[in-house]
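Just entry_34.cif here, mmCIF, C-alpha atoms:
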data_structure
loop_
_atom_site.group_PDB
_atom_site.id
_atom_site.type_symbol
_atom_site.label_atom_id
_atom_site.label_comp_id
_atom_site.auth_asym_id
_atom_site.auth_seq_id
_atom_site.Cartn_x
_atom_site.Cartn_y
_atom_site.Cartn_z
ATOM 1 C CA MET A 177 17.540 40.736 62.009
ATOM 2 C CA ARG A 178 15.163 38.278 63.689
ATOM 3 C CA GLY A 179 16.155 34.707 62.973
ATOM 4 C CA ASP A 180 12.595 33.651 62.162
ATOM 5 C CA ALA A 181 12.319 36.426 59.572
ATOM 6 C CA ALA A 182 15.350 35.321 57.562
ATOM 7 C CA LEU A 183 15.958 32.635 54.965
ATOM 8 C CA GLU A 184 18.986 30.620 56.008
ATOM 9 C CA LEU A 185 20.302 27.930 53.684
ATOM 10 C CA ARG A 186 23.267 25.651 54.171
ATOM 11 C CA ILE A 187 23.865 22.807 51.711
ATOM 12 C CA ILE A 188 26.891 20.808 52.794
ATOM 13 C CA GLU A 189 26.300 18.306 50.017
ATOM 14 C CA LYS A 190 23.540 17.256 47.642
ATOM 15 C CA VAL A 191 23.976 13.961 45.799
ATOM 16 C CA PHE A 192 22.018 12.889 42.735
ATOM 17 C CA GLY A 193 22.488 9.567 40.967
ATOM 18 C CA GLY A 194 25.422 8.752 43.206
ATOM 19 C CA GLN A 195 27.296 11.919 42.246
ATOM 20 C CA PRO A 196 27.595 15.117 44.301
ATOM 21 C CA VAL A 197 25.924 17.984 42.428
ATOM 22 C CA LEU A 198 26.032 20.722 45.088
ATOM 23 C CA ARG A 199 28.584 21.301 47.827
ATOM 24 C CA ASP A 200 29.246 24.147 50.279
ATOM 25 C CA VAL A 201 26.355 26.378 49.254
ATOM 26 C CA GLY A 202 25.219 28.680 52.027
ATOM 27 C CA PHE A 203 23.686 32.116 52.500
ATOM 28 C CA VAL A 204 21.302 34.123 54.676
ATOM 29 C CA ALA A 205 18.743 36.543 53.231
ATOM 30 C CA GLY A 206 16.764 39.003 55.328
ATOM 31 C CA PRO A 207 13.358 40.682 54.960
ATOM 32 C CA GLY A 208 13.127 42.913 51.893
ATOM 33 C CA GLU A 209 16.331 41.488 50.410
ATOM 34 C CA ILE A 210 16.464 40.249 46.804
ATOM 35 C CA LEU A 211 19.052 37.588 45.961
ATOM 36 C CA ALA A 212 19.686 36.734 42.300
ATOM 37 C CA LEU A 213 21.085 33.237 41.750
ATOM 38 C CA PHE A 214 23.171 32.576 38.634
ATOM 39 C CA GLY A 215 24.879 29.507 37.257
ATOM 40 C CA PRO A 216 25.469 27.699 33.960
ATOM 41 C CA SER A 217 22.931 25.134 32.784
ATOM 42 C CA GLY A 218 22.950 22.157 35.129
ATOM 43 C CA ALA A 219 24.644 24.041 37.955
ATOM 44 C CA GLY A 220 21.840 23.255 40.399
ATOM 45 C CA LYS A 221 19.911 26.537 40.566
ATOM 46 C CA SER A 222 16.503 24.830 40.505
ATOM 47 C CA THR A 223 17.681 22.211 42.995
ATOM 48 C CA THR A 224 18.829 24.977 45.333
ATOM 49 C CA LEU A 225 15.405 26.612 45.080
ATOM 50 C CA ARG A 226 13.623 23.325 45.777
ATOM 51 C CA ILE A 227 15.769 22.815 48.859
ATOM 52 C CA ALA A 228 15.020 26.368 49.988
ATOM 53 C CA LEU A 229 11.292 25.675 49.596
ATOM 54 C CA GLY A 230 11.459 22.368 51.470
ATOM 55 C CA LEU A 231 10.470 20.375 48.366
ATOM 56 C CA ASP A 232 13.792 18.495 48.370
ATOM 57 C CA ARG A 233 14.864 17.191 51.780
ATOM 58 C CA ASP A 234 17.400 14.655 50.525
ATOM 59 C CA PHE A 235 20.581 16.626 51.229
ATOM 60 C CA ILE A 236 23.145 17.138 53.955
ATOM 61 C CA GLY A 237 22.711 20.528 55.591
ATOM 62 C CA HIS A 238 19.810 22.608 56.820
ATOM 63 C CA VAL A 239 17.339 25.254 55.731
ATOM 64 C CA ARG A 240 15.343 27.692 57.836
ATOM 65 C CA ARG A 241 12.585 29.670 56.175
ATOM 66 C CA PRO A 242 10.840 32.821 57.357
ATOM 67 C CA ASP A 243 7.811 32.203 59.546
ATOM 68 C CA ALA A 244 5.552 33.439 56.763
ATOM 69 C CA ARG A 245 3.663 32.326 53.676
ATOM 70 C CA LEU A 246 5.543 31.177 50.579
ATOM 71 C CA GLY A 247 4.984 32.525 47.091
ATOM 72 C CA VAL A 248 6.422 30.485 44.214
ATOM 73 C CA MET A 249 6.771 31.089 40.491
ATOM 74 C CA PHE A 250 8.193 28.315 38.326
ATOM 75 C CA GLN A 251 9.877 28.358 34.915
ATOM 76 C CA GLU A 252 6.513 27.504 33.349
ATOM 77 C CA PRO A 253 3.326 29.318 34.417
ATOM 78 C CA ARG A 254 1.635 26.033 35.459
ATOM 79 C CA LEU A 255 -1.876 27.457 35.405
ATOM 80 C CA LEU A 256 -4.693 24.925 35.635
ATOM 81 C CA PRO A 257 -6.321 25.053 32.192
ATOM 82 C CA TRP A 258 -9.864 24.301 33.392
ATOM 83 C CA LEU A 259 -9.931 27.191 35.900
ATOM 84 C CA SER A 260 -10.325 30.856 35.087
ATOM 85 C CA VAL A 261 -7.489 33.240 35.875
ATOM 86 C CA ALA A 262 -9.380 34.408 38.970
ATOM 87 C CA ASN A 263 -9.883 30.853 40.219
ATOM 88 C CA ASN A 264 -6.229 29.981 39.562
ATOM 89 C CA LEU A 265 -5.371 32.793 41.950
ATOM 90 C CA ARG A 266 -8.012 31.796 44.499
ATOM 91 C CA LEU A 267 -6.800 28.190 44.464
ATOM 92 C CA VAL A 268 -3.538 28.996 46.263
ATOM 93 C CA ALA A 269 -4.944 31.480 48.786
ATOM 94 C CA ARG A 270 -5.828 30.300 52.281
ATOM 95 C CA ASP A 271 -8.583 32.874 52.606
ATOM 96 C CA ASP A 272 -11.309 33.985 50.261
ATOM 97 C CA VAL A 273 -9.988 36.507 47.755
ATOM 98 C CA SER A 274 -12.297 39.293 46.655
ATOM 99 C CA ASP A 275 -12.830 40.308 43.067
ATOM 100 C CA GLU A 276 -11.366 43.686 44.016
ATOM 101 C CA LYS A 277 -8.093 42.157 45.243
ATOM 102 C CA ILE A 278 -7.797 40.039 42.109
ATOM 103 C CA ALA A 279 -8.380 43.099 39.935
ATOM 104 C CA THR A 280 -5.723 45.008 41.905
ATOM 105 C CA LEU A 281 -3.204 42.168 41.543
ATOM 106 C CA LEU A 282 -3.825 41.836 37.804
ATOM 107 C CA THR A 283 -3.509 45.584 37.311
ATOM 108 C CA GLY A 284 -0.303 45.510 39.320
ATOM 109 C CA VAL A 285 1.280 43.063 36.867
ATOM 110 C CA GLY A 286 0.009 45.006 33.858
ATOM 111 C CA LEU A 287 -3.124 43.013 32.991
ATOM 112 C CA PRO A 288 -6.635 44.428 32.610
ATOM 113 C CA PRO A 289 -9.095 43.189 35.262
ATOM 114 C CA ALA A 290 -11.223 41.563 32.530
ATOM 115 C CA VAL A 291 -8.507 38.881 32.192
ATOM 116 C CA ALA A 292 -9.810 37.403 35.464
ATOM 117 C CA ALA A 293 -12.641 35.666 33.603
ATOM 118 C CA LEU A 294 -10.442 34.068 30.915
ATOM 119 C CA LEU A 295 -9.198 30.501 30.811
ATOM 120 C CA PRO A 296 -5.385 30.102 30.570
ATOM 121 C CA GLY A 297 -5.685 28.837 26.983
ATOM 122 C CA LYS A 298 -6.737 32.327 25.954
ATOM 123 C CA LEU A 299 -3.573 33.914 27.333
ATOM 124 C CA SER A 300 -0.343 34.697 25.515
ATOM 125 C CA LEU A 301 2.898 33.534 27.154
ATOM 126 C CA GLY A 302 3.516 37.021 28.507
ATOM 127 C CA MET A 303 0.001 37.205 29.964
ATOM 128 C CA ALA A 304 0.357 33.727 31.485
ATOM 129 C CA ARG A 305 3.636 34.687 33.150
ATOM 130 C CA ARG A 306 2.037 37.860 34.548
ATOM 131 C CA THR A 307 -0.826 35.745 35.886
ATOM 132 C CA ALA A 308 1.639 33.329 37.489
ATOM 133 C CA LEU A 309 3.364 36.258 39.206
ATOM 134 C CA ALA A 310 0.001 37.540 40.459
ATOM 135 C CA ARG A 311 -0.717 34.035 41.791
ATOM 136 C CA ALA A 312 2.587 34.039 43.695
ATOM 137 C CA LEU A 313 1.713 37.418 45.220
ATOM 138 C CA VAL A 314 -1.912 36.671 46.112
ATOM 139 C CA VAL A 315 -0.845 34.791 49.262
ATOM 140 C CA ASP A 316 0.899 37.929 50.620
ATOM 141 C CA PRO A 317 4.191 36.021 50.870
ATOM 142 C CA GLY A 318 7.015 36.609 53.292
ATOM 143 C CA LEU A 319 9.309 34.524 51.062
ATOM 144 C CA LEU A 320 9.041 34.712 47.268
ATOM 145 C CA VAL A 321 10.957 32.100 45.239
ATOM 146 C CA LEU A 322 11.168 32.582 41.480
ATOM 147 C CA ASP A 323 12.759 30.041 39.129
ATOM 148 C CA GLU A 324 13.742 31.839 35.903
ATOM 149 C CA PRO A 325 10.214 33.252 35.809
ATOM 150 C CA PHE A 326 10.669 35.652 32.908
ATOM 151 C CA ALA A 327 12.627 33.429 30.513
ATOM 152 C CA SER A 328 11.823 33.981 26.826
ATOM 153 C CA LEU A 329 10.069 37.301 27.466
ATOM 154 C CA ASP A 330 11.197 40.489 25.765
ATOM 155 C CA PRO A 331 13.503 42.803 27.754
ATOM 156 C CA GLN A 332 10.826 45.451 28.300
ATOM 157 C CA LEU A 333 8.344 42.998 29.841
ATOM 158 C CA THR A 334 11.119 41.377 31.873
ATOM 159 C CA ALA A 335 12.027 44.786 33.278
ATOM 160 C CA GLN A 336 8.387 45.580 34.071
ATOM 161 C CA LEU A 337 7.802 42.341 35.952
ATOM 162 C CA GLY A 338 11.129 42.640 37.722
ATOM 163 C CA ALA A 339 10.063 46.075 38.929
ATOM 164 C CA VAL A 340 6.848 44.556 40.322
ATOM 165 C CA VAL A 341 8.912 42.046 42.307
ATOM 166 C CA ALA A 342 11.220 44.772 43.597
ATOM 167 C CA ARG A 343 8.318 46.988 44.714
ATOM 168 C CA CYS A 344 6.728 44.064 46.545
ATOM 169 C CA ALA A 345 9.998 43.207 48.309
ATOM 170 C CA ARG A 346 10.674 46.793 49.433
ATOM 171 C CA ALA A 347 7.118 47.690 50.405
ATOM 172 C CA ASN A 348 6.244 44.477 52.258
ATOM 173 C CA ALA A 349 9.653 43.266 53.533
ATOM 174 C CA VAL A 350 9.454 40.152 51.347
ATOM 175 C CA THR A 351 12.576 38.014 51.039
ATOM 176 C CA VAL A 352 13.114 37.130 47.365
ATOM 177 C CA LEU A 353 15.264 34.335 45.943
ATOM 178 C CA LEU A 354 15.400 34.606 42.161
ATOM 179 C CA ALA A 355 17.137 32.141 39.834
ATOM 180 C CA THR A 356 17.789 33.983 36.602
ATOM 181 C CA HIS A 357 19.991 34.144 33.528
ATOM 182 C CA GLU A 358 19.432 37.880 33.038
ATOM 183 C CA LEU A 359 22.350 39.868 34.427
ATOM 184 C CA GLU A 360 20.697 43.178 33.559
ATOM 185 C CA GLN A 361 17.631 42.231 35.575
ATOM 186 C CA ALA A 362 19.774 41.366 38.579
ATOM 187 C CA LEU A 363 21.681 44.646 38.316
ATOM 188 C CA ALA A 364 18.344 46.475 38.187
ATOM 189 C CA ILE A 365 16.597 44.911 41.188
ATOM 190 C CA ALA A 366 18.841 42.601 43.246
ATOM 191 C CA ASP A 367 20.671 43.416 46.459
ATOM 192 C CA ARG A 368 23.098 40.529 46.064
ATOM 193 C CA ILE A 369 24.247 38.284 43.232
ATOM 194 C CA LEU A 370 25.058 34.650 44.005
ATOM 195 C CA VAL A 371 26.940 32.496 41.512
ATOM 196 C CA LEU A 372 26.992 28.698 41.426
ATOM 197 C CA SER A 373 29.711 27.039 39.377
ATOM 198 C CA GLY A 374 32.068 24.081 39.293
ATOM 199 C CA SER A 375 31.626 20.312 39.529
ATOM 200 C CA PRO A 376 30.065 19.771 41.957
ATOM 201 C CA SER A 377 28.659 23.282 41.997
ATOM 202 C CA THR A 378 29.735 25.469 44.877
ATOM 203 C CA LEU A 379 28.911 29.040 45.799
ATOM 204 C CA GLN A 380 31.663 30.867 43.919
ATOM 205 C CA ALA A 381 30.499 34.417 44.654
ATOM 206 C CA ASP A 382 28.150 36.373 46.914
ATOM 207 C CA ILE A 383 28.409 39.968 45.700
ATOM 208 C CA ALA A 384 26.548 43.015 46.958
ATOM 209 C CA VAL A 385 25.073 45.093 44.126
ATOM 210 C CA PRO A 386 26.200 48.735 44.439
ATOM 211 C CA ASP A 387 23.787 51.589 44.946
ATOM 212 C CA ARG A 388 22.005 51.932 41.606
ATOM 213 C CA ARG A 389 22.558 55.678 41.675
ATOM 214 C CA ASP A 390 26.274 54.899 41.261
ATOM 215 C CA ALA A 391 26.248 54.226 37.519
ATOM 216 C CA ALA A 392 30.020 53.774 37.363
ATOM 217 C CA ALA A 393 30.004 51.066 40.035
ATOM 218 C CA ILE A 394 27.108 49.247 38.370
ATOM 219 C CA ASP A 395 28.878 49.377 35.016
ATOM 220 C CA ALA A 396 32.082 48.074 36.584
ATOM 221 C CA LEU A 397 30.185 45.092 38.010
ATOM 222 C CA ARG A 398 28.470 44.579 34.640
ATOM 223 C CA ARG A 399 31.927 44.144 33.092
ATOM 224 C CA ALA A 400 33.583 42.252 35.942
ATOM 225 C CA LEU A 401 31.053 39.454 36.346
ATOM 226 C CA PRO A 402 31.217 38.089 32.751
ATOM 227 C CA ALA A 403 35.001 38.416 32.851
ATOM 228 C CA ARG A 404 35.094 36.231 35.953
ATOM 229 C CA PHE A 405 32.249 33.913 34.902
ATOM 230 C CA PRO A 406 32.255 33.629 31.084
ATOM 231 C CA PHE A 407 28.879 31.839 30.959
ATOM 232 C CA LEU A 408 27.272 35.163 31.920
ATOM 233 C CA GLU A 409 28.448 36.696 28.624
ATOM 234 C CA SER A 410 26.086 34.524 26.572
ATOM 235 C CA SER A 411 23.337 33.916 29.147
ATOM 236 C CA GLY A 412 22.587 37.421 30.254
ATOM 237 C CA GLY A 413 25.649 39.624 30.253
ATOM 238 C CA ARG A 414 24.472 41.761 27.410
#
Here is the file; what I need is its structure written in the form of structure tokens.
Amino acid sequence: MRGDAALELRIIEKVFGGQPVLRDVGFVAGPGEILALFGPSGAGKSTTLRIALGLDRDFIGHVRRPDARLGVMFQEPRLLPWLSVANNLRLVARDDVSDEKIATLLTGVGLPPAVAALLPGKLSLGMARRTALARALVVDPGLLVLDEPFASLDPQLTAQLGAVVARCARANAVTVLLATHELEQALAIADRILVLSGSPSTLQADIAVPDRRDAAAIDALRRALPARFPFLESSGGR
């Protein structure tokens, strides 16, 4: 694994309001690897993502990102309401993006190409989240960071969009860091499951997801994780 192709994160300590909120959080993720980050509310998942992206530099430790473009999807779609869907996608791209590429991206996330001409106010929540995912992918990222991107969507749509992320990671060697509360989604697409917990939050677990063809091993992990981390029972361990 080339060092410049990996995401390497080491948070010795992160302090907020005079209190440590994160301590001893570290991992390395390679090209094509999907890491799913779990933790109870307030555990510091979003803070960890911001540090990984370089948006928060006020911590003790270090972060090294892949020498590649970054794709980001936040908890809210954050589409500019005065720009069409197509122009929301073009806004983040360094190069000119053809109508054909936009149509391909929209189709890839399950939207008809005609959506490109719509303003965000005409989109349902599910359509807006699909558009936000297309926007994260339009830059051809080497690192894709997703902060609970599919929250409040129905399980079928969550599974569909998760599959899009997984295909992108495998086909294009994209490193993916995904904060989620959906255990089933992580078991379906992730290579590793990371769990933040405690006060301050520390990295309590870094678990490799078994081969998905091994249904018994997957089911054993499905049972073991909520037993070890009870918050997973109500937040996504169904």
- In Å, how far is it from atom CA of Ala396 of chain A to atom CA of Phe214 of chain A? 18.0 Å
- Item | Resolved residues for the PyMOL selection byres ((chain A and resi 305) around 10) as a list in words | Met249, Phe250, Gln251, Glu252, Pro253, Arg254, Leu255, Val285, Leu299, Ser300, Leu301, Gly302, Met303, Ala304, Arg306, Thr307, Ala308, Leu309, Ala310, Arg311, Pro325, Phe326, Ala327, Leu329 and Leu337 of chain A
Taking the file as shown, find all residues satisfying the PyMOL selection byres ((chain A and resi 402-404) around 12) and write them as a compact mmCIF listing (two decimals) with C-alpha atoms, in the frame of the given file.
# COMPACT_ATOMS: atom_id res chain seq x y z
CA PHE A 214 23.17 32.58 38.63
CA GLY A 215 24.88 29.51 37.26
CA PRO A 216 25.47 27.70 33.96
CA HIS A 357 19.99 34.14 33.53
CA GLU A 358 19.43 37.88 33.04
CA LEU A 359 22.35 39.87 34.43
CA GLU A 360 20.70 43.18 33.56
CA VAL A 371 26.94 32.50 41.51
CA SER A 373 29.71 27.04 39.38
CA GLN A 380 31.66 30.87 43.92
CA ALA A 381 30.50 34.42 44.65
CA ASP A 395 28.88 49.38 35.02
CA ALA A 396 32.08 48.07 36.58
CA LEU A 397 30.18 45.09 38.01
CA ARG A 398 28.47 44.58 34.64
CA ARG A 399 31.93 44.14 33.09
CA ALA A 400 33.58 42.25 35.94
CA LEU A 401 31.05 39.45 36.35
CA PHE A 405 32.25 33.91 34.90
CA PRO A 406 32.26 33.63 31.08
CA PHE A 407 28.88 31.84 30.96
CA LEU A 408 27.27 35.16 31.92
CA GLU A 409 28.45 36.70 28.62
CA SER A 410 26.09 34.52 26.57
CA SER A 411 23.34 33.92 29.15
CA GLY A 412 22.59 37.42 30.25
CA GLY A 413 25.65 39.62 30.25
CA ARG A 414 24.47 41.76 27.41
Which residues come within 7 Å of segment 347-356 of chain A, counting only C-alpha atoms, excluding same-chain residues fewer than 5 positions away, as a compact mmCIF listing (two decimals) with C-alpha atoms, in the coordinates of the input?
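This went into out05.txt:
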# COMPACT_ATOMS: atom_id res chain seq x y z
CA ALA A 205 18.74 36.54 53.23
CA GLY A 206 16.76 39.00 55.33
CA PRO A 207 13.36 40.68 54.96
CA GLY A 208 13.13 42.91 51.89
CA GLU A 209 16.33 41.49 50.41
CA ILE A 210 16.46 40.25 46.80
CA LEU A 211 19.05 37.59 45.96
CA ALA A 212 19.69 36.73 42.30
CA LEU A 213 21.08 33.24 41.75
CA PHE A 214 23.17 32.58 38.63
CA LYS A 221 19.91 26.54 40.57
CA PRO A 317 4.19 36.02 50.87
CA GLY A 318 7.02 36.61 53.29
CA LEU A 319 9.31 34.52 51.06
CA LEU A 320 9.04 34.71 47.27
CA VAL A 321 10.96 32.10 45.24
CA LEU A 322 11.17 32.58 41.48
CA ASP A 323 12.76 30.04 39.13
CA GLU A 324 13.74 31.84 35.90
- Query: Out of A:Ala293, A:Ala181, A:Ala262, A:Leu198, which residue has the shortest atom-to-atom distance to Arg240 of chain A when counting all atoms listed in the file?
  - Reply: A:Ala181
- Sel. within 12 Å of pt (-6.6, 32.7, 48.7), counting all atoms listed in the file, output as a PyMOL selection string: chain A and resi 245+247+262-275+277-278+310-317
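Across the model, the gap from atom CA of Asp367 of chain A to atom CA of Arg388 of chain A is 9.9 Å.
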- Item | Separation of atom CA of Ile227 of chain A from atom CA of Leu183 of chain A in Å |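 Between atom CA of Leu183 of chain A and atom CA of Ile227 of chain A the gap is 11.6 Å.
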- Close residues, Ala342 of chain A itself excluded, 8 Å, only C-alpha atoms, min 2 positions apart in chain, as a VMD selection string: chain A and resid 210 338 to 340 344 to 346 365 to 366
